[in-house]
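Okay, data23.txt now, which holds compact mmCIF, C-alpha atoms and all ligand atoms:
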```
# COMPACT_ATOMS: atom_id res chain seq x y z
CA VAL A 1 -29.01 16.02 -3.09
CA THR A 2 -32.40 14.37 -2.87
CA SER A 3 -34.06 13.01 0.26
CA ALA A 4 -33.07 9.42 0.91
CA SER A 5 -35.79 7.50 2.71
CA ARG A 6 -35.30 3.99 1.35
CA SER A 7 -32.78 2.66 -1.13
CA GLU A 8 -34.11 1.79 -4.58
CA GLU A 9 -32.49 -1.62 -4.42
CA GLY A 10 -30.83 -1.66 -1.02
CA ARG A 11 -31.44 -1.02 2.65
CA SER A 12 -32.57 2.06 4.56
CA PRO A 13 -29.86 4.30 5.97
CA GLY A 14 -28.79 2.94 9.35
CA GLU A 15 -30.33 -0.50 8.73
CA PRO A 16 -28.08 -3.51 9.54
CA SER A 17 -25.76 -4.38 6.69
CA ALA A 18 -23.58 -7.32 5.73
CA ASN A 19 -20.89 -4.88 4.65
CA GLN A 20 -17.62 -5.83 6.31
CA PHE A 21 -16.19 -2.29 6.27
CA LEU A 22 -19.24 -1.00 8.13
CA ALA A 23 -19.17 -3.92 10.55
CA ALA A 24 -15.54 -3.13 11.33
CA VAL A 25 -16.12 0.58 12.04
CA ARG A 26 -19.20 -0.23 14.11
CA SER A 27 -17.58 -3.04 16.09
CA ALA A 28 -17.19 -2.77 19.83
CA ARG A 29 -13.38 -2.50 19.59
CA ARG A 30 -12.01 0.14 21.91
CA ARG A 31 -9.66 1.48 19.24
CA PRO A 32 -10.40 3.28 15.97
CA LEU A 33 -10.12 1.44 12.67
CA LEU A 34 -6.81 2.25 10.98
CA ILE A 35 -7.23 3.12 7.31
CA ALA A 36 -4.07 3.51 5.24
CA HIS A 37 -4.46 6.81 3.36
CA ARG A 38 -3.53 6.12 -0.29
CA GLY A 39 -1.94 2.93 1.11
CA ASP A 40 1.18 3.16 3.28
CA SER A 41 1.99 6.43 1.54
CA ALA A 42 4.70 7.30 4.07
CA HIS A 43 6.82 4.39 2.84
CA ALA A 44 5.75 3.70 -0.75
CA PRO A 45 4.40 5.72 -3.68
CA GLU A 46 0.79 6.66 -2.88
CA ASN A 47 -2.13 4.89 -4.51
CA THR A 48 -0.07 1.98 -5.84
CA LEU A 49 -0.23 -1.76 -5.27
CA ASP A 50 3.12 -1.47 -3.45
CA ALA A 51 1.61 1.05 -1.03
CA ALA A 52 -1.33 -1.29 -0.46
CA ARG A 53 0.85 -4.31 0.28
CA ARG A 54 3.01 -2.31 2.68
CA ALA A 55 -0.07 -1.01 4.50
CA TRP A 56 -1.41 -4.52 4.85
CA GLU A 57 1.95 -5.73 6.20
CA ALA A 58 1.99 -2.78 8.64
CA GLY A 59 -1.32 -3.94 10.10
CA ALA A 60 -3.76 -1.42 8.59
CA ASP A 61 -7.37 -2.57 8.91
CA ALA A 62 -8.23 -1.11 5.49
CA TRP A 63 -6.81 1.10 2.76
CA GLU A 64 -8.17 4.17 1.06
CA PHE A 65 -7.52 5.19 -2.54
CA ASP A 66 -8.74 7.72 -5.11
CA VAL A 67 -10.43 6.83 -8.40
CA GLN A 68 -10.70 8.76 -11.66
CA LEU A 69 -11.49 7.92 -15.27
CA THR A 70 -9.01 7.95 -18.12
CA ARG A 71 -10.02 9.47 -21.47
CA ASP A 72 -11.17 6.06 -22.68
CA GLY A 73 -13.23 5.46 -19.54
CA VAL A 74 -11.01 3.12 -17.50
CA ALA A 75 -11.16 3.60 -13.71
CA VAL A 76 -7.63 4.22 -12.43
CA VAL A 77 -6.27 4.89 -8.95
CA ILE A 78 -4.56 8.26 -8.63
CA HIS A 79 -5.18 11.32 -6.46
CA ASP A 80 -4.43 14.45 -8.50
CA GLU A 81 -6.36 15.57 -11.57
CA SER A 82 -2.96 15.76 -13.24
CA LEU A 83 -0.49 12.93 -13.80
CA ASP A 84 2.42 15.28 -13.26
CA ARG A 85 3.24 15.03 -9.52
CA THR A 86 3.22 11.24 -9.20
CA THR A 87 4.48 10.04 -12.60
CA ASP A 88 7.16 10.87 -15.18
CA VAL A 89 4.56 12.14 -17.68
CA ALA A 90 6.26 15.52 -18.11
CA ARG A 91 9.49 13.85 -19.23
CA ARG A 92 7.83 11.21 -21.40
CA PHE A 93 5.26 13.50 -23.05
CA ARG A 94 7.30 16.72 -23.07
CA ALA A 95 6.41 17.70 -26.62
CA ASP A 96 2.79 16.58 -26.37
CA PRO A 97 0.07 19.27 -26.75
CA ARG A 98 -1.59 17.94 -23.59
CA ALA A 99 1.24 19.54 -21.62
CA ALA A 100 -0.58 22.85 -22.12
CA SER A 101 -3.54 21.69 -20.00
CA GLY A 102 -1.30 20.18 -17.31
CA TYR A 103 -1.30 16.48 -18.24
CA LEU A 104 -4.81 15.73 -16.97
CA VAL A 105 -5.66 12.08 -16.25
CA ALA A 106 -8.87 12.67 -18.22
CA ASP A 107 -6.84 13.56 -21.34
CA PHE A 108 -4.87 10.29 -21.47
CA ASP A 109 -5.93 6.78 -22.51
CA PHE A 110 -5.32 3.88 -20.16
CA ASP A 111 -2.62 2.37 -22.40
CA GLU A 112 -0.69 5.63 -22.21
CA VAL A 113 -1.09 5.94 -18.44
CA ARG A 114 0.23 2.39 -18.09
CA THR A 115 3.52 3.31 -19.73
CA LEU A 116 4.28 5.87 -16.99
CA ASP A 117 6.64 5.33 -14.08
CA ALA A 118 4.62 5.97 -10.91
CA GLY A 119 7.37 5.14 -8.43
CA SER A 120 10.59 7.03 -9.16
CA TRP A 121 9.26 10.41 -7.98
CA PHE A 122 8.84 8.88 -4.53
CA HIS A 123 12.10 6.96 -4.60
CA SER A 124 14.01 10.16 -5.14
CA ARG A 125 12.27 11.72 -2.11
CA ARG A 126 12.11 9.36 0.83
CA ALA A 127 11.80 5.67 0.18
CA ASP A 128 13.65 3.41 2.61
CA SER A 129 16.21 0.99 1.22
CA LYS A 130 13.77 -1.92 0.86
CA THR A 131 11.29 0.14 -1.15
CA ALA A 132 14.05 1.93 -3.03
CA ARG A 133 15.35 -1.33 -4.46
CA ALA A 134 11.90 -2.24 -5.75
CA LEU A 135 11.39 1.21 -7.23
CA GLU A 136 14.72 1.32 -9.02
CA THR A 137 13.24 -0.99 -11.62
CA GLY A 138 10.93 1.81 -12.70
CA GLU A 139 8.13 -0.73 -12.88
CA VAL A 140 5.66 0.82 -10.47
CA ARG A 141 2.54 1.71 -12.46
CA VAL A 142 -0.67 3.64 -11.89
CA PRO A 143 -2.99 0.76 -10.98
CA SER A 144 -6.43 0.16 -12.40
CA LEU A 145 -9.33 0.03 -9.97
CA ARG A 146 -9.76 -3.61 -10.98
CA GLU A 147 -6.23 -4.47 -9.79
CA CYS A 148 -6.78 -2.66 -6.48
CA LEU A 149 -10.04 -4.47 -5.81
CA GLU A 150 -8.55 -7.82 -6.77
CA LEU A 151 -5.64 -7.25 -4.37
CA THR A 152 -8.06 -6.22 -1.61
CA ARG A 153 -9.98 -9.44 -2.08
CA ARG A 154 -6.82 -11.56 -2.27
CA LEU A 155 -5.59 -10.10 1.02
CA ASP A 156 -9.02 -10.64 2.62
CA TRP A 157 -9.01 -6.91 3.31
CA LEU A 158 -11.20 -3.78 3.17
CA ALA A 159 -11.10 -0.76 0.84
CA ASN A 160 -12.43 2.79 0.87
CA VAL A 161 -12.92 3.83 -2.76
CA GLU A 162 -12.97 7.64 -2.99
CA LEU A 163 -14.64 8.99 -6.12
CA LYS A 164 -12.64 11.98 -7.32
CA ALA A 165 -15.78 13.42 -8.89
CA LEU A 166 -14.93 17.09 -8.32
CA PRO A 167 -14.29 19.57 -9.87
CA ASP A 168 -15.73 17.90 -13.00
CA PRO A 169 -18.64 15.65 -11.96
CA ASP A 170 -19.07 12.75 -14.37
CA PRO A 171 -21.76 10.11 -13.73
CA ARG A 172 -19.65 7.62 -15.69
CA LEU A 173 -17.22 7.45 -12.76
CA LEU A 174 -19.62 5.82 -10.28
CA ASP A 175 -21.01 3.64 -13.07
CA ALA A 176 -17.48 2.42 -13.84
CA VAL A 177 -16.76 1.78 -10.15
CA ILE A 178 -19.94 -0.27 -9.81
CA ALA A 179 -19.04 -2.26 -12.94
CA GLU A 180 -15.62 -3.08 -11.45
CA LEU A 181 -17.19 -4.07 -8.12
CA ASP A 182 -19.48 -6.39 -10.04
CA ALA A 183 -16.58 -7.84 -12.02
CA VAL A 184 -14.47 -8.55 -8.92
CA GLY A 185 -17.41 -9.44 -6.68
CA CYS A 186 -16.31 -7.57 -3.56
CA ASP A 187 -19.19 -5.20 -2.71
CA GLU A 188 -19.16 -6.21 0.94
CA ARG A 189 -15.48 -5.24 1.39
CA VAL A 190 -15.92 -1.70 0.04
CA LEU A 191 -17.00 1.70 1.30
CA ILE A 192 -17.57 4.36 -1.39
CA SER A 193 -16.99 7.99 -0.37
CA SER A 194 -16.75 11.35 -2.08
CA PHE A 195 -16.72 15.09 -1.57
CA ASP A 196 -19.47 15.08 -4.24
CA HIS A 197 -22.48 14.27 -2.09
CA ASP A 198 -24.83 13.84 -5.04
CA GLU A 199 -22.70 10.88 -6.07
CA VAL A 200 -22.58 9.54 -2.49
CA ALA A 201 -26.39 9.70 -2.44
CA ARG A 202 -26.55 7.82 -5.75
CA ALA A 203 -24.09 5.20 -4.46
CA ALA A 204 -26.23 4.79 -1.31
CA ARG A 205 -29.50 4.51 -3.27
CA THR A 206 -28.12 1.85 -5.56
CA SER A 207 -26.05 -0.07 -3.00
CA ARG A 208 -25.95 -3.79 -3.53
CA GLY A 209 -23.72 -4.28 -0.51
CA TRP A 210 -21.16 -1.47 -0.49
CA ALA A 211 -21.21 1.07 2.36
CA THR A 212 -21.07 4.83 1.79
CA GLY A 213 -19.44 7.85 3.41
CA VAL A 214 -19.92 11.62 3.17
CA LEU A 215 -16.56 13.38 2.89
CA ALA A 216 -16.41 16.90 4.30
CA ALA A 217 -13.63 19.47 4.27
CA THR A 218 -15.62 22.09 6.18
CA PRO A 219 -18.04 21.68 9.12
CA ILE A 220 -21.59 20.67 8.16
CA HIS A 221 -24.74 21.94 9.88
CA ARG A 222 -26.48 19.06 11.72
CA PRO A 223 -24.17 16.39 10.27
CA ALA A 224 -26.11 13.40 11.60
CA LYS A 225 -29.34 14.51 9.90
CA TYR A 226 -27.42 15.42 6.76
CA VAL A 227 -25.58 12.09 6.49
CA ARG A 228 -28.48 9.80 7.41
CA GLU A 229 -31.57 11.60 6.14
CA ILE A 230 -30.45 13.91 3.34
CA VAL A 231 -27.69 11.91 1.67
CA GLY A 232 -28.68 8.47 2.99
CA ALA A 233 -25.09 7.46 3.73
CA ASP A 234 -23.60 5.29 6.45
CA CYS A 235 -20.54 7.23 7.67
CA PHE A 236 -19.18 10.75 8.03
CA HIS A 237 -15.57 11.44 7.03
CA THR A 238 -14.25 14.68 8.40
CA SER A 239 -10.89 16.41 8.50
CA THR A 240 -8.58 17.15 11.42
CA LEU A 241 -9.06 20.85 10.59
CA CYS A 242 -12.86 20.56 10.98
CA LEU A 243 -12.18 19.15 14.44
CA GLY A 244 -10.05 22.14 15.38
CA ALA A 245 -6.63 20.52 15.16
CA GLY A 246 -5.31 23.56 13.28
CA SER A 247 -6.75 26.11 15.69
CA SER A 248 -4.37 28.32 17.64
CA ARG A 249 -6.01 27.03 20.84
CA TYR A 250 -5.14 23.41 20.04
CA LEU A 251 -1.75 24.26 18.56
CA ARG A 252 -0.76 26.22 21.68
CA HIS A 253 -2.19 23.66 24.10
CA PRO A 254 -2.60 20.31 22.33
CA ALA A 255 -5.15 18.45 24.45
CA PRO A 256 -8.39 16.59 23.67
CA GLU A 257 -10.52 19.28 25.37
CA HIS A 258 -9.21 21.83 22.85
CA LEU A 259 -10.60 19.90 19.89
CA ARG A 260 -14.03 20.64 18.44
CA THR A 261 -15.80 17.41 19.36
CA GLY A 262 -19.47 18.43 19.57
CA ASP A 263 -20.30 16.96 16.15
CA LEU A 264 -18.53 13.73 17.06
CA ARG A 265 -20.83 13.34 20.08
CA THR A 266 -23.97 13.99 18.01
CA LEU A 267 -22.86 11.52 15.37
CA ALA A 268 -22.06 8.87 17.98
CA GLU A 269 -25.50 9.33 19.58
CA SER A 270 -27.07 8.75 16.16
CA GLY A 271 -24.97 5.65 15.55
CA ILE A 272 -23.11 7.22 12.63
CA PRO A 273 -19.42 6.32 12.56
CA ALA A 274 -17.07 9.32 12.23
CA LEU A 275 -13.78 8.78 10.39
CA VAL A 276 -11.04 11.43 10.48
CA TYR A 277 -8.41 12.29 7.84
CA THR A 278 -5.39 12.57 7.85
CA VAL A 279 -3.74 11.74 11.16
CA ASN A 280 0.01 11.09 11.25
CA ASP A 281 0.96 12.32 14.73
CA ALA A 282 1.58 9.03 16.54
CA ARG A 283 3.14 10.44 19.71
CA PRO A 284 1.66 9.00 22.92
CA ASP A 285 0.14 12.43 23.68
CA GLY A 286 -0.38 13.49 20.07
CA LEU A 287 -3.38 14.00 17.81
CA ALA A 288 -4.07 10.31 17.09
CA ALA A 289 -4.17 9.58 20.82
CA HIS A 290 -6.40 12.58 21.48
CA LEU A 291 -8.83 11.53 18.72
CA ALA A 292 -8.83 7.89 19.80
CA GLY A 293 -10.04 9.14 23.18
CA THR A 294 -13.00 10.96 21.60
CA GLY A 295 -14.48 7.73 20.28
CA VAL A 296 -13.92 8.31 16.56
CA ALA A 297 -14.57 5.14 14.59
CA GLY A 298 -11.63 5.42 12.20
CA LEU A 299 -8.42 7.27 11.45
CA PHE A 300 -6.95 7.73 7.97
CA THR A 301 -3.19 7.77 8.18
CA ASP A 302 -0.21 7.85 5.82
CA ASP A 303 1.75 5.71 8.30
CA PRO A 304 -0.34 2.82 9.61
CA GLY A 305 2.68 1.12 11.19
CA ALA A 306 3.35 4.14 13.42
CA LEU A 307 -0.27 4.42 14.55
CA ARG A 308 -0.73 0.69 15.00
CA GLY A 309 1.32 0.53 18.19
CA LEU A 310 -0.31 3.63 19.57
CA VAL A 311 -3.92 2.55 19.15
CA ASP A 312 -3.20 -1.03 20.21
CA ASN A 313 -1.77 0.25 23.49
CA SER A 314 -4.34 2.97 24.11
CA PRO A 315 -6.33 2.53 27.35
O1 LIG A 401 -10.76 10.15 2.23
C1 LIG A 401 -10.04 10.99 3.05
C2 LIG A 401 -9.04 11.78 2.27
O2 LIG A 401 -8.38 10.93 1.39
C3 LIG A 401 -9.64 12.93 1.52
O3 LIG A 401 -8.68 13.84 1.05
O4 LIG A 401 -7.36 14.88 -0.75
O5 LIG A 401 -6.40 13.00 0.55
O6 LIG A 401 -8.20 12.59 -1.09
P1 LIG A 401 -7.62 13.57 -0.11
CA CA A 402 -8.55 10.32 -0.84
```
As structure tokens - that is how I would like this structure written.
Amino acid sequence: VTSASRSEEGRSPGEPSANQFLAAVRSARRRPLLIAHRGDSAHAPENTLDAARRAWEAGADAWEFDVQLTRDGVAVVIHDESLDRTTDVARRFRADPRAASGYLVADFDFDEVRTLDAGSWFHSRRADSKTARALETGEVRVPSLRECLELTRRLDWLANVELKALPDPDPRLLDAVIAELDAVGCDERVLISSFDHDEVARAARTSRGWATGVLAATPIHRPAKYVREIVGADCFHTSTLCLGAGSSRYLRHPAPEHLRTGDLRTLAESGIPALVYTVNDARPDGLAAHLAGTGVAGLFTDDPGALRGLVDNSP
């Protein structure tokens, strides 16, 4: 990662921005922004247009989804490197040689991906009756990034585009995302994040209006300096585990003072919004309530409807 003093085309890190996602996380609301993790993935197949619509109906402030490239370079929205868990690829392509490498998204062309059923796996697990009826048609597809951005714009909504750039970094991914943002014209509604911080730095340097976030799965030394000065990003996205929610101390005595909140304080003092994934415990004295009390700017959740009531009623 190179030092990021001033964007090549955009603003300096921390400078005011017209980005609506950033404005929402920085607003003076007393509650954290609710970001539907892969859409309303508790009630609809993750990373689909159905999951997005349900999240919007449930009152999520934004949705988050994962982007990868197909073999022919189309940006599609799917979490795993493999198509296997969330589609019927193994049944449809049983005799295909690509089974040997685990049905990687990167080994299939967009036209092939589009033939797959991306809803039935979920239907058979836990869809409620309303979703089940829609899924019985077998017509839920892996969406393209273009479709997801168009829906976001149509709903007058916000999106966190996560670049699934690891474990195989490919500069074409960010290039494709930027091309789709240009095509749809929704830079100001989007925050780009990734565990690949080289790509976050590149997204920040070239920003024409999108915001950026550093995703971390382990604690980072001096996170405020790292996010703002080294990467040049706007936000820090950290996990519940980094904040100590899996520690025996917190598990034995779940209370805000047993979370690891030092980094959150430093980030807040530096004006860097901290967003936490993935928080589904919506009990009045559960993890979401504890985190809301620490001043985090956003919570990623699989169940925005459940958290909506909690954060709306928090003191
Ligand atoms: O962006 C937060 C979260 O989505 C990162 O983890 O594995 O769910 O993409 P993952
Ligand atoms: Ca994600």
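Interatomic distance, CA of Thr87 (chain A) to CA of Glu199 (chain A): 28.0 Å.
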Selected residue of minimal separation from Lys225 (chain A) among A:Ile272, A:Ala44, A:Ala176, A:Ala106, counting only C-alpha atoms: A:Ile272
Would you list the contacts of region 250-254 of chain A as a list in words, taking every protein, DNA or RNA residue within 10 Å and counting only C-alpha atoms, but skipping same-chain residues closer than 5 positions in sequence?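 Residues near the query, excluding close chain neighbours: Leu243, Gly244, Ala245, Leu259, Arg260, Asp285, Gly286, Leu287 and His290 of chain A.
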Contacts with ligand LIG 401 (chain A) at most 10 Å, all atoms listed in the file counted, listed as a VMD selection string: chain A and resid 35 to 38 63 to 67 78 to 80 160 to 164 192 to 195 213 to 217 237 to 239 275 to 278 299 to 302
Report, in Å to a single decimal, how far apart CA of Asp88 (chain A) and CA of Asp117 (chain A) are.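 Separation of CA of Asp117 (chain A) and CA of Asp88 (chain A): 5.7 Å.
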Emit as AutoDock Vina command-line options the padded axis-aligned box for all listed atoms of region 96-104 of chain A, 5 Å per side, with centre and edge lengths in Å to one decimal.
```
--center_x -1.0 --center_y 19.3 --center_z -21.9 --size_x 17.6 --size_y 17.1 --size_z 19.8
```
Tell me which protein, DNA and RNA residues are within 12 Å of Ala179 (chain A), counting only C-alpha atoms, leaving out same-chain ones fewer than 2 positions away, and put them as a list in words. Gly73, Val74, Ala75, Leu145, Arg146, Leu149, Arg172, Leu173, Leu174, Asp175, Ala176, Val177, Leu181, Asp182, Ala183, Val184, Gly185, Cys186, Asp187 and Arg208 of chain A
With all atoms listed in the file as the atoms that count, which of A:Ala18, A:Ala165, A:Arg98, A:Arg53 lies nearest to ligand CA 402 (chain A)?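 Nearest to ligand CA 402 (chain A): A:Ala165.
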Separation of CA of Arg205 (chain A) from CA of Ala268 (chain A) in Å: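 According to the coordinates, CA of Ala268 (chain A) and CA of Arg205 (chain A) are separated by 22.9 Å.
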Using all atoms listed in the file: which of A:Gly262, A:Pro256, A:Gly39, A:Gly209 has the shortest distance to ligand CA 402 (chain A):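 Result for the nearest residue to ligand CA 402 (chain A): A:Gly39.
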Across A:Ala42, A:Gln68, A:Pro284, A:Ser27, the smallest distance to ligand CA 402 (chain A), with only C-alpha atoms and all ligand atoms counted, is shown by A:Gln68
In terms of the shortest atom-to-atom distance over all atoms listed in the file, which of A:Leu166, A:Pro304, A:Trp157, A:Ala55 is closest to Glu81 (chain A)?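 Ranking A:Leu166, A:Pro304, A:Trp157, A:Ala55 by distance to Glu81 (chain A), first place goes to A:Leu166.
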Pick out the residues sitting within 10 Å of Pro143 (chain A), and hand them over as a list in words; count only C-alpha atoms, and ignore anything fewer than 6 positions along from it in its own chain. Asn47, Thr48, Leu49, Asp50, Val67, Ala75, Val76, Val77, Ile78, Phe110, Val113, Arg114 and Ala118 of chain A
Which is closest to Asp40 (chain A) among A:Ala60, A:Leu191, A:Ala289, A:Ser144, if we use only C-alpha atoms?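 Of the candidates, the smallest distance to Asp40 (chain A) is held by A:Ala60.
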